[in-house]
Amino acid sequence: MPITILFLSSAEISLPLLGALLKDKSFEVVGLVCQPDKPAGRDKIMKAPAPKLFAERHGLEVFQPVKLRDDTELLNRFSENPPDIILTFAYGQILPKSFLDLALPLNVHTSLLPKYRGASPIHSAILNGDKVSGFSLMKMVQKMDEGPVYHIEKFDLNEHIPTGILHDGLADLAAKSVPELLIKIHNSEVEAVEQKHAEASYCSKISKDDGFLDFSDSAEMVFRKFHAYSPWPGLWTTFDSKRLKLLDIALSDKKLKAGEVLFEADKLFVGTSKGSIELLQMQLEGKQCMHPKSFILGQKEFSSGLLPS
């Protein structure tokens, strides 16, 4: 008999794993639970979570409770014939005790627990200059990311890897590793180990404002932020009361004060509290993406200005 799984996810990172489970005859995915469709963009057009679209293409039944804890109909439906495993991967809601008790509740969390409990573990690993990331397969409890861990899979980080690349790497890693782990857990071949709670660290949800940059940071931290917030929310500062997006940057050895701008030999540099960066591509609010020479031609006062520090 295949292992039955109720899959909960609202994020694109879960798609490789969900696809692997659907293809593997060892499993039967009995449904997908995700967040409701939400308005997106300037026109506020309703947008469905990526797992919903993926599930519908594969004929998988989809459920979208506004609040899982209040959805007694969904609970009753799966109480009648409980799955073997409830598996979450970036679902976006905390599971109530009623669902935790329904089946073995497991979660794929993209950090090496107890490090980076919370909503932004991928960004946090890059911001902190970690040399290794990975995911933890844990048993869920009522406290956030505090459950015992069955397995940790590591992923080596290259220097200054962007969030988008790490995101995709961990998605593929989970797809390759988790199915076999689920079989071992189901067959009681693996035991969960309690986390070292005293060593726990936490991270919060990333917002658009997190991309704001002042140059009181070091050049190294600016560079980390650039990669951590790529592709979203991006890195930006302000100039002439407008938002200036930094689309591509590099570390530099120019000696400049924090926020000081230098345009030299068609290259553009900005100082930080320690070191400097070179601006390779930028976009001023209302303008197109530009390289330094074109940007300065239209904004000559920029080269003698001072950016926030």
# chains A, B, ... in the order shown; residues from 1 in each chain; ligands from 1

$ residues_around --residues "Ser204 of chain A" --least-positions-apart "4" --cutoff "6 Å" --atoms "only C-alpha atoms" --output "PyMOL selection string"
chain A and resi 118-120

$ residues_around --residues "Ala11 of chain A" --least-positions-apart "3" --cutoff "10 Å" --atoms "only C-alpha atoms" --output "PDB file with N, CA and C atoms, in the first residue's frame"
ATOM      1  N   LEU A   8       0.818  20.260   2.292  1.00  0.00           N
ATOM      2  CA  LEU A   8       0.458  21.645   2.566  1.00  0.00           C
ATOM      3  C   LEU A   8       1.591  22.566   2.140  1.00  0.00           C
ATOM      4  N   SER A  14       8.233  24.344  -3.095  1.00  0.00           N
ATOM      5  CA  SER A  14       7.776  22.968  -2.849  1.00  0.00           C
ATOM      6  C   SER A  14       7.494  22.170  -4.116  1.00  0.00           C
ATOM      7  N   LEU A  15       7.462  22.819  -5.280  1.00  0.00           N
ATOM      8  CA  LEU A  15       6.998  22.140  -6.496  1.00  0.00           C
ATOM      9  C   LEU A  15       7.840  20.923  -6.890  1.00  0.00           C
ATOM     10  N   CYS A  34      -3.415  24.863   0.483  1.00  0.00           N
ATOM     11  CA  CYS A  34      -2.592  26.064   0.292  1.00  0.00           C
ATOM     12  C   CYS A  34      -3.379  27.296   0.716  1.00  0.00           C
ATOM     13  N   GLN A  35      -2.697  28.431   0.724  1.00  0.00           N
ATOM     14  CA  GLN A  35      -3.348  29.685   1.070  1.00  0.00           C
ATOM     15  C   GLN A  35      -4.348  30.088  -0.015  1.00  0.00           C
ATOM     16  N   PRO A  49      -1.675  30.607  -5.598  1.00  0.00           N
ATOM     17  CA  PRO A  49      -0.360  30.082  -5.210  1.00  0.00           C
ATOM     18  C   PRO A  49       0.151  29.091  -6.251  1.00  0.00           C
ATOM     19  N   ALA A  50       1.462  29.098  -6.468  1.00  0.00           N
ATOM     20  CA  ALA A  50       2.054  28.216  -7.478  1.00  0.00           C
ATOM     21  C   ALA A  50       1.704  26.737  -7.255  1.00  0.00           C
ATOM     22  N   PRO A  51       1.695  26.225  -6.013  1.00  0.00           N
ATOM     23  CA  PRO A  51       1.334  24.813  -5.824  1.00  0.00           C
ATOM     24  C   PRO A  51      -0.093  24.488  -6.269  1.00  0.00           C
ATOM     25  N   LYS A  52      -1.009  25.462  -6.135  1.00  0.00           N
ATOM     26  CA  LYS A  52      -2.391  25.215  -6.581  1.00  0.00           C
ATOM     27  C   LYS A  52      -2.419  24.964  -8.089  1.00  0.00           C
ATOM     28  N   PHE A  89       5.501  22.307   3.604  1.00  0.00           N
ATOM     29  CA  PHE A  89       6.722  22.895   3.057  1.00  0.00           C
ATOM     30  C   PHE A  89       6.369  24.320   2.640  1.00  0.00           C
ATOM     31  N   ALA A  90       6.650  25.288   3.518  1.00  0.00           N
ATOM     32  CA  ALA A  90       6.345  26.700   3.254  1.00  0.00           C
ATOM     33  C   ALA A  90       4.849  26.886   3.019  1.00  0.00           C
ATOM     34  N   TYR A  91       4.042  26.456   3.990  1.00  0.00           N
ATOM     35  CA  TYR A  91       2.588  26.569   3.873  1.00  0.00           C
ATOM     36  C   TYR A  91       2.116  27.983   4.208  1.00  0.00           C
ATOM     37  N   GLY A  92       2.605  28.556   5.293  1.00  0.00           N
ATOM     38  CA  GLY A  92       2.230  29.927   5.628  1.00  0.00           C
ATOM     39  C   GLY A  92       1.234  30.067   6.757  1.00  0.00           C
TER      40      GLY A  92
END

$ residues_around --residues "segment 149-158 of chain A" --least-positions-apart "2" --cutoff "10 Å" --atoms "only C-alpha atoms" --output "count of residues only"
46

$ select_by_dssp --residues "segment 72-267 of chain A" --states "alpha helix (DSSP H)" --output "PyMOL selection string"
chain A and resi 72-80+97-100+121-127+163-186+219-228

$ residues_around --residues "Pro83 of chain A" --least-positions-apart "6" --cutoff "12 Å" --atoms "only C-alpha atoms" --output "ChimeraX atom specification"
/A:2-7,27-31,75,77,99-105,186
